[in-house]
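Student: Supplied in structure tokens, the structure appears directly below.
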Amino acid sequence: MSAAANDLAVSAKQIVEIASDYHSSSGNVINQERVLTWAEHFPEEHRIAILTETAHVLSKTYVSEQGMLSFLGKVAQNQKLTKSDPKTFWAATELLEIQQRGSSQQEMVTLLRGQLASLKLDARPTGDNTTESFVYLDDAIFTGSHLLHDLTPWIQGIAPQKAAVNI
């Protein structure tokens with residue numbers, strides 16, 4: 001194996017080790033072969049740098065499914081969010097599923113519903129016309145443009161006149 005091929009394999013292995021649970025529940029498992037196939041989309045002279053930097057960025061930013069479950073479990077019981085009464089808060093709160101692009105919100109809402117159920121809590125059903133409390137989840141907000149593009153049609157369309165949205 002050449003030094004370049006070895007470097008590619010090492011970086012691909014690092015990416016797999018970091019993100020091994022990415023979409024694992026869908027059966028779309030990440031593996032070294034898949035990473036190397038993805039790298040072939042780039043010019044050969046840039047592949048090592050791309051995989052090395054991808055591994056570095058993921059090592060600093062990737063949130064595992066277990067990490068997300070832990071975070072959402074804390075959200076479910078957050079004293080400030082729930083005003084120290086998670087049962088009452090979630091019974092009166094709807095989880096928004098209004099993301100215009102992607103599926104991260106739906107995936108996170110599913111995980112949060114699971115965490116709520118494990119805590120014997122339940123959010124208000126979607127589409128209840130009397131709801132005034134909402135939670136908007138997404139994996140990252142960054143500039144807020146996706147948030148704006150998601151909330152604007154909801155506000156202009158089906159949002160109640162009075163609503164508190166926790167982001």
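By order in the structure tokens, chains are A, B, ...; within a chain, residues start at 1; ligands start at 1, following the order shown.
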Excluding same-chain residues fewer than 2 positions from Ala117 in chain A, what lies within 12 Å of it counting only C-alpha atoms, as a VMD selection string?
Tutor: chain A and resid 72 to 73 76 87 90 to 91 110 to 115 119 to 123
Student: So that I have them on file, write out the residues from the current selection with N, CA, C and O atoms, as an mmCIF file, in the first residue's frame.
Tutor:
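Below you can see again.cif, which holds the result:
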data_model
loop_
_atom_site.group_PDB
_atom_site.id
_atom_site.type_symbol
_atom_site.label_atom_id
_atom_site.label_comp_id
_atom_site.auth_asym_id
_atom_site.auth_seq_id
_atom_site.Cartn_x
_atom_site.Cartn_y
_atom_site.Cartn_z
ATOM 1 N N LEU A 72 -31.060 15.791 24.970
ATOM 2 C CA LEU A 72 -32.513 15.938 24.915
ATOM 3 C C LEU A 72 -33.184 15.510 26.217
ATOM 4 O O LEU A 72 -34.213 16.074 26.603
ATOM 5 N N GLY A 73 -32.600 14.543 26.913
ATOM 6 C CA GLY A 73 -33.110 14.179 28.234
ATOM 7 C C GLY A 73 -33.005 15.345 29.206
ATOM 8 O O GLY A 73 -33.895 15.570 30.023
ATOM 9 N N ALA A 76 -35.672 17.907 28.257
ATOM 10 C CA ALA A 76 -36.985 17.472 28.733
ATOM 11 C C ALA A 76 -37.240 17.876 30.176
ATOM 12 O O ALA A 76 -38.386 18.142 30.555
ATOM 13 N N LYS A 87 -43.945 18.213 33.744
ATOM 14 C CA LYS A 87 -45.208 17.552 33.383
ATOM 15 C C LYS A 87 -46.215 18.568 32.835
ATOM 16 O O LYS A 87 -46.813 18.352 31.777
ATOM 17 N N TRP A 90 -44.801 20.229 29.330
ATOM 18 C CA TRP A 90 -44.890 19.414 28.120
ATOM 19 C C TRP A 90 -46.332 19.105 27.749
ATOM 20 O O TRP A 90 -46.658 19.008 26.559
ATOM 21 N N ALA A 91 -47.211 18.978 28.722
ATOM 22 C CA ALA A 91 -48.630 18.728 28.428
ATOM 23 C C ALA A 91 -49.263 19.895 27.675
ATOM 24 O O ALA A 91 -50.248 19.718 26.957
ATOM 25 N N THR A 110 -38.403 13.111 17.122
ATOM 26 C CA THR A 110 -38.621 11.692 17.443
ATOM 27 C C THR A 110 -37.798 11.286 18.666
ATOM 28 O O THR A 110 -38.304 10.616 19.580
ATOM 29 N N LEU A 111 -36.527 11.702 18.696
ATOM 30 C CA LEU A 111 -35.675 11.373 19.848
ATOM 31 C C LEU A 111 -36.197 12.034 21.125
ATOM 32 O O LEU A 111 -36.218 11.401 22.188
ATOM 33 N N LEU A 112 -36.620 13.301 21.033
ATOM 34 C CA LEU A 112 -37.145 13.984 22.223
ATOM 35 C C LEU A 112 -38.435 13.326 22.699
ATOM 36 O O LEU A 112 -38.621 13.137 23.904
ATOM 37 N N ARG A 113 -39.304 12.949 21.779
ATOM 38 C CA ARG A 113 -40.543 12.256 22.192
ATOM 39 C C ARG A 113 -40.202 10.965 22.942
ATOM 40 O O ARG A 113 -40.853 10.623 23.923
ATOM 41 N N GLY A 114 -39.168 10.270 22.480
ATOM 42 C CA GLY A 114 -38.733 9.058 23.178
ATOM 43 C C GLY A 114 -38.228 9.362 24.572
ATOM 44 O O GLY A 114 -38.532 8.625 25.528
ATOM 45 N N GLN A 115 -37.463 10.446 24.707
ATOM 46 C CA GLN A 115 -36.966 10.840 26.023
ATOM 47 C C GLN A 115 -38.128 11.251 26.934
ATOM 48 O O GLN A 115 -38.146 10.894 28.114
ATOM 49 N N LEU A 119 -39.536 9.395 30.514
ATOM 50 C CA LEU A 119 -39.704 10.155 31.758
ATOM 51 C C LEU A 119 -41.176 10.262 32.158
ATOM 52 O O LEU A 119 -41.523 11.007 33.071
ATOM 53 N N LYS A 120 -42.032 9.527 31.445
ATOM 54 C CA LYS A 120 -43.484 9.554 31.686
ATOM 55 C C LYS A 120 -44.057 10.957 31.469
ATOM 56 O O LYS A 120 -44.954 11.412 32.183
ATOM 57 N N LEU A 121 -43.520 11.636 30.442
ATOM 58 C CA LEU A 121 -43.990 12.960 30.037
ATOM 59 C C LEU A 121 -44.482 12.847 28.602
ATOM 60 O O LEU A 121 -44.071 11.957 27.867
ATOM 61 N N ASP A 122 -45.336 13.764 28.191
ATOM 62 C CA ASP A 122 -45.827 13.727 26.820
ATOM 63 C C ASP A 122 -46.114 15.141 26.357
ATOM 64 O O ASP A 122 -46.767 15.917 27.063
ATOM 65 N N ALA A 123 -45.615 15.467 25.162
ATOM 66 C CA ALA A 123 -45.897 16.769 24.567
ATOM 67 C C ALA A 123 -47.297 16.758 23.982
ATOM 68 O O ALA A 123 -47.856 15.708 23.652
#
Student: With only C-alpha atoms as the counted atoms, please give the residues lying no more than 12 Å from Arg34 in chain A, apart from itself and same-chain residues fewer than 3 positions off, as a short mmCIF file (atom, residue, chain, number, x, y, z; two decimals) with all heavy atoms, in the first residue's frame.
Tutor:
data_model
loop_
_atom_site.label_atom_id
_atom_site.label_comp_id
_atom_site.auth_asym_id
_atom_site.auth_seq_id
_atom_site.Cartn_x
_atom_site.Cartn_y
_atom_site.Cartn_z
N ALA A 9 -6.63 5.77 4.07
CA ALA A 9 -7.26 4.72 4.88
C ALA A 9 -7.31 5.12 6.35
O ALA A 9 -8.33 4.91 7.02
CB ALA A 9 -6.52 3.40 4.71
N ALA A 12 -9.95 7.86 6.73
CA ALA A 12 -11.28 7.27 6.57
C ALA A 12 -11.66 6.49 7.83
O ALA A 12 -12.80 6.58 8.30
CB ALA A 12 -11.31 6.37 5.34
N LYS A 13 -10.72 5.76 8.38
CA LYS A 13 -10.98 5.00 9.60
C LYS A 13 -11.33 5.93 10.76
O LYS A 13 -12.24 5.65 11.55
CB LYS A 13 -9.77 4.14 9.96
CG LYS A 13 -9.98 3.26 11.16
CD LYS A 13 -8.78 2.40 11.46
CE LYS A 13 -9.04 1.55 12.69
NZ LYS A 13 -7.86 0.94 13.22
N ILE A 15 -12.75 8.88 10.54
CA ILE A 15 -14.10 9.39 10.30
C ILE A 15 -15.13 8.34 10.72
O ILE A 15 -16.11 8.66 11.40
CB ILE A 15 -14.27 9.78 8.82
CG1 ILE A 15 -13.42 11.03 8.53
CG2 ILE A 15 -15.74 10.03 8.47
CD1 ILE A 15 -13.28 11.36 7.05
N VAL A 16 -14.91 7.10 10.36
CA VAL A 16 -15.83 6.01 10.72
C VAL A 16 -15.91 5.85 12.23
O VAL A 16 -17.00 5.69 12.79
CB VAL A 16 -15.41 4.70 10.04
CG1 VAL A 16 -16.21 3.51 10.58
CG2 VAL A 16 -15.58 4.80 8.53
N SER A 20 -19.61 6.62 13.68
CA SER A 20 -20.10 5.26 13.44
C SER A 20 -21.60 5.11 13.65
O SER A 20 -22.22 4.22 13.08
CB SER A 20 -19.35 4.27 14.33
OG SER A 20 -19.59 4.57 15.69
N ASN A 28 -28.32 2.80 7.03
CA ASN A 28 -27.40 3.49 6.13
C ASN A 28 -26.09 3.74 6.87
O ASN A 28 -25.70 4.87 7.12
CB ASN A 28 -28.04 4.80 5.67
CG ASN A 28 -27.40 5.34 4.43
OD1 ASN A 28 -26.56 4.71 3.81
ND2 ASN A 28 -27.79 6.56 4.07
N VAL A 29 -25.42 2.66 7.23
CA VAL A 29 -24.26 2.71 8.10
C VAL A 29 -23.04 3.27 7.38
O VAL A 29 -22.78 2.94 6.22
CB VAL A 29 -23.94 1.30 8.66
CG1 VAL A 29 -22.71 1.31 9.53
CG2 VAL A 29 -25.14 0.77 9.43
N ILE A 30 -22.31 4.11 8.06
CA ILE A 30 -21.07 4.65 7.52
C ILE A 30 -19.96 3.63 7.74
O ILE A 30 -19.87 3.03 8.80
CB ILE A 30 -20.74 6.01 8.16
CG1 ILE A 30 -19.61 6.69 7.42
CG2 ILE A 30 -20.45 5.89 9.63
CD1 ILE A 30 -19.43 8.15 7.80
N ASN A 31 -19.17 3.40 6.70
CA ASN A 31 -18.03 2.49 6.83
C ASN A 31 -16.87 3.04 6.01
O ASN A 31 -17.02 4.02 5.27
CB ASN A 31 -18.40 1.07 6.40
CG ASN A 31 -18.89 0.99 4.97
OD1 ASN A 31 -18.38 1.66 4.08
ND2 ASN A 31 -19.91 0.17 4.74
N THR A 37 -15.17 5.99 -1.02
CA THR A 37 -15.94 6.24 -2.24
C THR A 37 -16.35 7.70 -2.32
O THR A 37 -16.27 8.33 -3.37
CB THR A 37 -17.19 5.32 -2.29
OG1 THR A 37 -16.75 3.97 -2.28
CG2 THR A 37 -18.03 5.59 -3.52
N TRP A 38 -16.77 8.27 -1.20
CA TRP A 38 -17.12 9.69 -1.15
C TRP A 38 -15.91 10.54 -1.51
O TRP A 38 -16.02 11.51 -2.26
CB TRP A 38 -17.64 10.05 0.25
CG TRP A 38 -17.83 11.51 0.47
CD1 TRP A 38 -18.83 12.29 -0.03
CD2 TRP A 38 -16.98 12.38 1.25
NE1 TRP A 38 -18.66 13.59 0.39
CE2 TRP A 38 -17.53 13.67 1.17
CE3 TRP A 38 -15.82 12.17 1.99
CZ2 TRP A 38 -16.97 14.76 1.82
CZ3 TRP A 38 -15.26 13.26 2.63
CH2 TRP A 38 -15.83 14.54 2.55
N ALA A 39 -14.74 10.18 -1.02
CA ALA A 39 -13.52 10.94 -1.29
C ALA A 39 -13.18 10.96 -2.78
O ALA A 39 -12.55 11.91 -3.26
CB ALA A 39 -12.35 10.37 -0.49
N GLU A 40 -13.62 9.95 -3.51
CA GLU A 40 -13.34 9.90 -4.94
C GLU A 40 -14.05 10.99 -5.73
O GLU A 40 -13.72 11.24 -6.89
CB GLU A 40 -13.72 8.52 -5.50
CG GLU A 40 -12.79 7.42 -5.03
CD GLU A 40 -13.22 6.03 -5.46
OE1 GLU A 40 -14.25 5.91 -6.18
OE2 GLU A 40 -12.54 5.07 -5.06
N HIS A 41 -14.98 11.70 -5.11
CA HIS A 41 -15.64 12.83 -5.76
C HIS A 41 -14.70 14.02 -5.89
O HIS A 41 -15.00 14.97 -6.63
CB HIS A 41 -16.89 13.26 -4.96
CG HIS A 41 -18.01 12.28 -5.05
ND1 HIS A 41 -18.15 11.25 -4.16
CD2 HIS A 41 -19.03 12.15 -5.94
CE1 HIS A 41 -19.22 10.54 -4.47
NE2 HIS A 41 -19.77 11.06 -5.55
#
Student: Can you work out which one of A:Ile18, A:Leu116, A:Met108, A:Leu8 has the shortest atom-to-atom distance to Ser64 in chain A, counting only C-alpha atoms?
Tutor: A:Ile18
Student: Mind listing the strand (DSSP E) residues of chain A, per DSSP on the backbone, as an MDAnalysis selection string?
Tutor: chainID A and resid 93:95 133:135 164:166
Student: Got time to write the residues from that selection, N, CA and C atoms, as a short mmCIF file (atom, residue, chain, number, x, y, z; two decimals), in the first residue's frame?
Tutor:
data_model
loop_
_atom_site.label_atom_id
_atom_site.label_comp_id
_atom_site.auth_asym_id
_atom_site.auth_seq_id
_atom_site.Cartn_x
_atom_site.Cartn_y
_atom_site.Cartn_z
N THR A 93 -47.37 21.97 25.62
CA THR A 93 -46.40 22.40 24.59
C THR A 93 -46.40 21.46 23.40
N GLU A 94 -46.38 22.06 22.23
CA GLU A 94 -46.33 21.30 20.97
C GLU A 94 -44.91 21.37 20.41
N LEU A 95 -44.42 20.23 19.93
CA LEU A 95 -43.13 20.18 19.26
C LEU A 95 -43.35 20.50 17.78
N SER A 133 -47.83 27.26 23.45
CA SER A 133 -46.43 27.01 23.79
C SER A 133 -45.85 26.00 22.80
N PHE A 134 -44.70 26.37 22.22
CA PHE A 134 -44.09 25.54 21.18
C PHE A 134 -42.59 25.41 21.42
N VAL A 135 -42.03 24.29 20.95
CA VAL A 135 -40.58 24.09 20.96
C VAL A 135 -40.15 23.81 19.53
N ALA A 164 -45.73 31.31 22.27
CA ALA A 164 -44.37 31.38 22.79
C ALA A 164 -43.61 30.23 22.13
N VAL A 165 -42.50 30.57 21.43
CA VAL A 165 -41.70 29.56 20.75
C VAL A 165 -40.35 29.50 21.42
N ASN A 166 -40.04 28.35 22.00
CA ASN A 166 -38.73 28.10 22.59
C ASN A 166 -37.86 27.43 21.55
#
Student: A:Ala49, A:Ala163, A:Val75, A:Leu151: which is nearest Ser11 in chain A, counting only C-alpha atoms?
Tutor: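 For Ser11 in chain A, the nearest of the given residues is A:Ala49.
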Student: For range 78-124 of chain A versus range 152-156 of chain A, which residues have an atom no more than 12 Å away, and what is each residue's nearest atom pair and distance in Å rounded to one decimal, using only C-alpha atoms, chain-then-number order, as a tab-separated table?
Tutor:
residue	atom	partner	partner_atom	distance
A:Leu96	CA	A:Trp154	CA	9.6
A:Glu97	CA	A:Trp154	CA	10.1
A:Ile98	CA	A:Trp154	CA	7.3
A:Gln99	CA	A:Trp154	CA	9.9
A:Gln100	CA	A:Pro153	CA	9.5
Student: Do you have the CA of Ala140 in chain A-CA of Ser84 in chain A distance handy?
Tutor: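 Going from CA of Ala140 in chain A over to CA of Ser84 in chain A covers 25.7 Å.
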Student: Which residue is closest to Ile48 in chain A? Choose from A:Asn129, A:Asn6, A:Ser103, A:Ser118 and count only C-alpha atoms.
Tutor: A:Asn6
Student: Rank A:Asp150, A:Glu53, A:Glu107, A:Asp85 by their smallest atom-to-atom distance to Leu69 in chain A, using only C-alpha atoms, and report the top residue only.
Tutor: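 Between A:Asp150, A:Glu53, A:Glu107, A:Asp85, the residue approaching Leu69 in chain A most closely is A:Glu107.
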